[in-house]
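Below you'll find the structure, written out as structure tokens, and then a few comments.
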Amino acid sequence: RKEVEQDPGPFNVPEGATVAFNCTYSNSASQSFFWYRQDCRKEPKLLMSVYSSGNEDGRFTAQLNRASQYISLLIRDSKLSDSATYLCVVNPHMDTGRRALTFGSGTRLQVQP
Amino acid sequence: DAGITQSPRHKVTETGTPVTLRCHQTENHRYMYWYRQDPGHGLRLIHYSYGVKDTDKGEVSDGYSVSRSKTEDFLLTLESATSSQTSVYFCAISEQGGNQPQHFGDGTRLSIL
């Protein structure tokens, strides 16, 4: 089983729609969680961190469910500019000082006009 | 954007030649990482560094070596390039390591013929 799993998509949605992605992780001891956005042929960019209490940034809401070991990303009022691949990122290690993050393979979103 | 510069941005070379990729940061961050990204695999960690002269292997380190002689520079070397090392290579930095998000450079597209 992969450490971080995502539905590759693509999710094709019309402008203005609400869309949600889930991501599951295998290590229950995972400490920190992030969503990144990656545009075609570009570097990944941090979209938001995911906190235990959930967090919201404008049209974007991230939530963490430790019991079921998944994180989610909700995008409201989708814009054409939201079209990208969304990467789920987890730190699966306890020794946070040295270890790197584990990246999911990404979920592709295509917002249609 | 984080001050990260990767060089070269593009490179085409032949099998068996040595290749060195450079990552330069101006943020004075302690942690630096090298990833490769291939279709169907997402981002995979090659090596990372947690300080000057302190490095460790990631999940796909075979065929790669790294060096970090000063805080701002992290070099990735392919001693004898193979076609399987054709990929997009990303450098990332992090201020405090595992529990903190990473910020990425623009990437290097490497083709080995």
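Residues are named by chain letter and number: chains run A, B, ... in the order of the structure tokens, numbers start at 1 in each chain, and ligands are numbered from 1 in the order shown.
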
Give me the residues within 8 Å of A:Leu87 as a list in words, counting only C-alpha atoms and dropping any in the same chain fewer than 5 places off.
Trp35, Tyr36, Arg37, Gln38, Phe103, Gly104, Ser105, Gly106 and Thr107 of chain A

Next, dump the selected residues to file, keeping only all heavy atoms, as a JSON list (two decimals), in the first residue's frame.
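This went into selection.json:
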[["chain", "number", "residue", "atom", "x", "y", "z"],
["A", 35, "TRP", "N", -1.49, 20.57, 1.43],
["A", 35, "TRP", "CA", -1.92, 20.49, 0.04],
["A", 35, "TRP", "C", -1.04, 21.43, -0.79],
["A", 35, "TRP", "O", -0.83, 22.58, -0.42],
["A", 35, "TRP", "CB", -3.38, 20.91, -0.12],
["A", 35, "TRP", "CG", -4.36, 19.86, 0.29],
["A", 35, "TRP", "CD1", -5.08, 19.81, 1.44],
["A", 35, "TRP", "CD2", -4.74, 18.70, -0.47],
["A", 35, "TRP", "NE1", -5.88, 18.69, 1.47],
["A", 35, "TRP", "CE2", -5.69, 18.00, 0.30],
["A", 35, "TRP", "CE3", -4.37, 18.18, -1.71],
["A", 35, "TRP", "CZ2", -6.28, 16.80, -0.13],
["A", 35, "TRP", "CZ3", -4.95, 17.00, -2.14],
["A", 35, "TRP", "CH2", -5.89, 16.32, -1.36],
["A", 36, "TYR", "N", -0.54, 20.88, -1.89],
["A", 36, "TYR", "CA", 0.23, 21.67, -2.85],
["A", 36, "TYR", "C", -0.53, 21.69, -4.16],
["A", 36, "TYR", "O", -1.31, 20.79, -4.48],
["A", 36, "TYR", "CB", 1.61, 21.03, -3.12],
["A", 36, "TYR", "CG", 2.67, 21.34, -2.08],
["A", 36, "TYR", "CD1", 2.59, 20.80, -0.81],
["A", 36, "TYR", "CD2", 3.75, 22.15, -2.40],
["A", 36, "TYR", "CE1", 3.59, 21.07, 0.14],
["A", 36, "TYR", "CE2", 4.74, 22.43, -1.48],
["A", 36, "TYR", "CZ", 4.65, 21.89, -0.21],
["A", 36, "TYR", "OH", 5.63, 22.15, 0.72],
["A", 37, "ARG", "N", -0.25, 22.71, -4.95],
["A", 37, "ARG", "CA", -0.81, 22.83, -6.28],
["A", 37, "ARG", "C", 0.35, 22.81, -7.26],
["A", 37, "ARG", "O", 1.40, 23.44, -7.03],
["A", 37, "ARG", "CB", -1.56, 24.16, -6.38],
["A", 37, "ARG", "CG", -2.01, 24.51, -7.76],
["A", 37, "ARG", "CD", -2.35, 25.98, -7.89],
["A", 37, "ARG", "NE", -2.50, 26.31, -9.30],
["A", 37, "ARG", "CZ", -3.62, 26.77, -9.83],
["A", 37, "ARG", "NH1", -4.67, 27.02, -9.05],
["A", 37, "ARG", "NH2", -3.70, 27.02, -11.11],
["A", 38, "GLN", "N", 0.16, 22.08, -8.37],
["A", 38, "GLN", "CA", 1.19, 22.06, -9.39],
["A", 38, "GLN", "C", 0.56, 22.28, -10.76],
["A", 38, "GLN", "O", -0.28, 21.50, -11.20],
["A", 38, "GLN", "CB", 1.96, 20.73, -9.38],
["A", 38, "GLN", "CG", 3.15, 20.73, -10.33],
["A", 38, "GLN", "CD", 4.03, 19.51, -10.21],
["A", 38, "GLN", "OE1", 3.59, 18.45, -9.77],
["A", 38, "GLN", "NE2", 5.31, 19.63, -10.58],
["A", 103, "PHE", "N", 4.95, 12.67, -0.91],
["A", 103, "PHE", "CA", 3.99, 13.29, -1.81],
["A", 103, "PHE", "C", 3.10, 12.25, -2.46],
["A", 103, "PHE", "O", 3.59, 11.21, -2.92],
["A", 103, "PHE", "CB", 4.73, 14.07, -2.90],
["A", 103, "PHE", "CG", 5.38, 15.33, -2.43],
["A", 103, "PHE", "CD1", 6.55, 15.29, -1.68],
["A", 103, "PHE", "CD2", 4.81, 16.56, -2.70],
["A", 103, "PHE", "CE1", 7.15, 16.45, -1.22],
["A", 103, "PHE", "CE2", 5.41, 17.73, -2.25],
["A", 103, "PHE", "CZ", 6.57, 17.68, -1.52],
["A", 104, "GLY", "N", 1.81, 12.54, -2.53],
["A", 104, "GLY", "CA", 0.93, 11.74, -3.37],
["A", 104, "GLY", "C", 1.19, 12.05, -4.83],
["A", 104, "GLY", "O", 1.86, 13.03, -5.16],
["A", 105, "SER", "N", 0.64, 11.21, -5.70],
["A", 105, "SER", "CA", 0.85, 11.40, -7.14],
["A", 105, "SER", "C", 0.00, 12.50, -7.72],
["A", 105, "SER", "O", 0.21, 12.91, -8.87],
["A", 105, "SER", "CB", 0.58, 10.10, -7.88],
["A", 105, "SER", "OG", 1.51, 9.11, -7.47],
["A", 106, "GLY", "N", -0.99, 12.97, -6.96],
["A", 106, "GLY", "CA", -1.76, 14.13, -7.40],
["A", 106, "GLY", "C", -3.11, 13.79, -7.99],
["A", 106, "GLY", "O", -3.33, 12.69, -8.52],
["A", 107, "THR", "N", -4.02, 14.76, -7.87],
["A", 107, "THR", "CA", -5.35, 14.69, -8.48],
["A", 107, "THR", "C", -5.47, 15.84, -9.46],
["A", 107, "THR", "O", -5.25, 17.00, -9.08],
["A", 107, "THR", "CB", -6.45, 14.81, -7.42],
["A", 107, "THR", "OG1", -6.38, 13.70, -6.52],
["A", 107, "THR", "CG2", -7.83, 14.85, -8.08]]

Using only C-alpha atoms, which residues sit within 10 Å of stretch 45-54 of chain A once same-chain residues fewer than 6 positions away are excluded, as a ChimeraX atom specification?
/A:31-39,60-66,71-73,86-87,89-90 /B:1,100-105

Using the chain letters and numbers from this document, which residues of chain B does DSSP assign to strand (DSSP E or B), as a VMD selection string?
chain B and resid 4 to 7 10 to 13 19 to 25 31 to 38 42 to 51 54 to 57 64 to 70 73 to 78 87 to 94 103 to 104 108 to 112

Residues near A:Ser81, cut-off 12 Å, only C-alpha atoms, skip fewer than 5 positions along chain, as a PDB file with N, CA and C atoms, in the first residue's frame:
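Heads up, here's the output in result-v8.pdb:
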ATOM      1  N   GLU A  15     -17.263  25.829 -14.308  1.00  0.00           N
ATOM      2  CA  GLU A  15     -16.983  27.007 -13.494  1.00  0.00           C
ATOM      3  C   GLU A  15     -18.092  27.206 -12.480  1.00  0.00           C
ATOM      4  N   GLY A  16     -17.723  27.580 -11.275  1.00  0.00           N
ATOM      5  CA  GLY A  16     -18.701  27.840 -10.230  1.00  0.00           C
ATOM      6  C   GLY A  16     -19.060  26.628  -9.402  1.00  0.00           C
ATOM      7  N   ARG A  37      -0.252  22.714  -4.948  1.00  0.00           N
ATOM      8  CA  ARG A  37      -0.813  22.830  -6.279  1.00  0.00           C
ATOM      9  C   ARG A  37       0.349  22.811  -7.265  1.00  0.00           C
ATOM     10  N   GLN A  38       0.157  22.084  -8.369  1.00  0.00           N
ATOM     11  CA  GLN A  38       1.193  22.056  -9.391  1.00  0.00           C
ATOM     12  C   GLN A  38       0.564  22.278 -10.757  1.00  0.00           C
ATOM     13  N   ASP A  39       0.976  23.335 -11.406  1.00  0.00           N
ATOM     14  CA  ASP A  39       0.554  23.604 -12.775  1.00  0.00           C
ATOM     15  C   ASP A  39       1.455  22.834 -13.735  1.00  0.00           C
ATOM     16  N   ILE A  75     -12.947  22.862  -2.782  1.00  0.00           N
ATOM     17  CA  ILE A  75     -12.822  24.117  -3.536  1.00  0.00           C
ATOM     18  C   ILE A  75     -14.230  24.566  -3.909  1.00  0.00           C
ATOM     19  N   LEU A 109      -7.367  18.466 -11.701  1.00  0.00           N
ATOM     20  CA  LEU A 109      -8.639  19.182 -11.805  1.00  0.00           C
ATOM     21  C   LEU A 109      -8.652  19.996 -13.086  1.00  0.00           C
ATOM     22  N   GLN A 110      -9.737  19.863 -13.828  1.00  0.00           N
ATOM     23  CA  GLN A 110      -9.927  20.666 -15.028  1.00  0.00           C
ATOM     24  C   GLN A 110     -11.268  21.379 -14.887  1.00  0.00           C
ATOM     25  N   VAL A 111     -11.214  22.700 -14.791  1.00  0.00           N
ATOM     26  CA  VAL A 111     -12.439  23.499 -14.687  1.00  0.00           C
ATOM     27  C   VAL A 111     -12.814  23.963 -16.085  1.00  0.00           C
ATOM     28  N   GLN A 112     -14.062  23.665 -16.448  1.00  0.00           N
ATOM     29  CA  GLN A 112     -14.528  23.964 -17.807  1.00  0.00           C
ATOM     30  C   GLN A 112     -15.320  25.263 -17.837  1.00  0.00           C
ATOM     31  N   PRO A 113     -15.180  26.055 -18.900  1.00  0.00           N
ATOM     32  CA  PRO A 113     -15.960  27.314 -18.990  1.00  0.00           C
ATOM     33  C   PRO A 113     -17.437  27.008 -19.245  1.00  0.00           C
TER      34      PRO A 113
END

Test item: chain B residues at most 10 Å from chain A, counting only C-alpha atoms, as a PyMOL selection string:
chain B and resi 1+31-33+37-45+47-51+55-56+58+88-92+94+96-109

Could you save those same residues with C-alpha atoms as an mmCIF file, in the first residue's frame?
data_model
loop_
_atom_site.group_PDB
_atom_site.id
_atom_site.type_symbol
_atom_site.label_atom_id
_atom_site.label_comp_id
_atom_site.auth_asym_id
_atom_site.auth_seq_id
_atom_site.Cartn_x
_atom_site.Cartn_y
_atom_site.Cartn_z
ATOM 1 C CA ASP B 1 8.635 33.326 -3.784
ATOM 2 C CA TYR B 31 17.178 21.651 5.045
ATOM 3 C CA MET B 32 17.531 21.012 1.330
ATOM 4 C CA TYR B 33 16.103 18.214 -0.773
ATOM 5 C CA GLN B 37 9.266 13.621 -10.799
ATOM 6 C CA ASP B 38 8.142 11.081 -13.359
ATOM 7 C CA PRO B 39 4.687 10.328 -14.805
ATOM 8 C CA GLY B 40 2.830 7.850 -12.630
ATOM 9 C CA HIS B 41 5.274 8.169 -9.731
ATOM 10 C CA GLY B 42 4.820 11.646 -8.422
ATOM 11 C CA LEU B 43 7.678 13.271 -6.541
ATOM 12 C CA ARG B 44 10.274 10.887 -5.148
ATOM 13 C CA LEU B 45 13.023 11.869 -2.767
ATOM 14 C CA HIS B 47 18.722 12.721 -1.180
ATOM 15 C CA TYR B 48 18.357 15.415 1.399
ATOM 16 C CA SER B 49 20.590 17.508 3.605
ATOM 17 C CA TYR B 50 20.036 18.652 7.172
ATOM 18 C CA GLY B 51 23.111 20.857 7.386
ATOM 19 C CA THR B 55 23.227 14.362 4.005
ATOM 20 C CA ASP B 56 21.071 11.251 3.901
ATOM 21 C CA GLY B 58 15.967 9.099 0.094
ATOM 22 C CA VAL B 88 12.437 16.471 -14.057
ATOM 23 C CA TYR B 89 14.507 17.248 -10.977
ATOM 24 C CA PHE B 90 13.275 19.588 -8.266
ATOM 25 C CA CYS B 91 15.195 21.071 -5.403
ATOM 26 C CA ALA B 92 13.304 22.085 -2.269
ATOM 27 C CA SER B 94 12.691 23.931 4.407
ATOM 28 C CA GLN B 96 12.840 23.402 10.085
ATOM 29 C CA GLY B 97 12.563 20.047 8.364
ATOM 30 C CA GLY B 98 9.850 17.441 8.516
ATOM 31 C CA ASN B 99 6.939 19.304 10.079
ATOM 32 C CA GLN B 100 7.339 22.369 7.922
ATOM 33 C CA PRO B 101 6.295 22.814 4.298
ATOM 34 C CA GLN B 102 8.931 22.800 1.624
ATOM 35 C CA HIS B 103 9.405 25.374 -1.105
ATOM 36 C CA PHE B 104 10.535 24.329 -4.532
ATOM 37 C CA GLY B 105 12.820 25.596 -7.229
ATOM 38 C CA ASP B 106 11.710 25.821 -10.857
ATOM 39 C CA GLY B 107 13.091 22.409 -11.753
ATOM 40 C CA THR B 108 15.665 21.001 -14.167
ATOM 41 C CA ARG B 109 14.554 18.991 -17.185
#
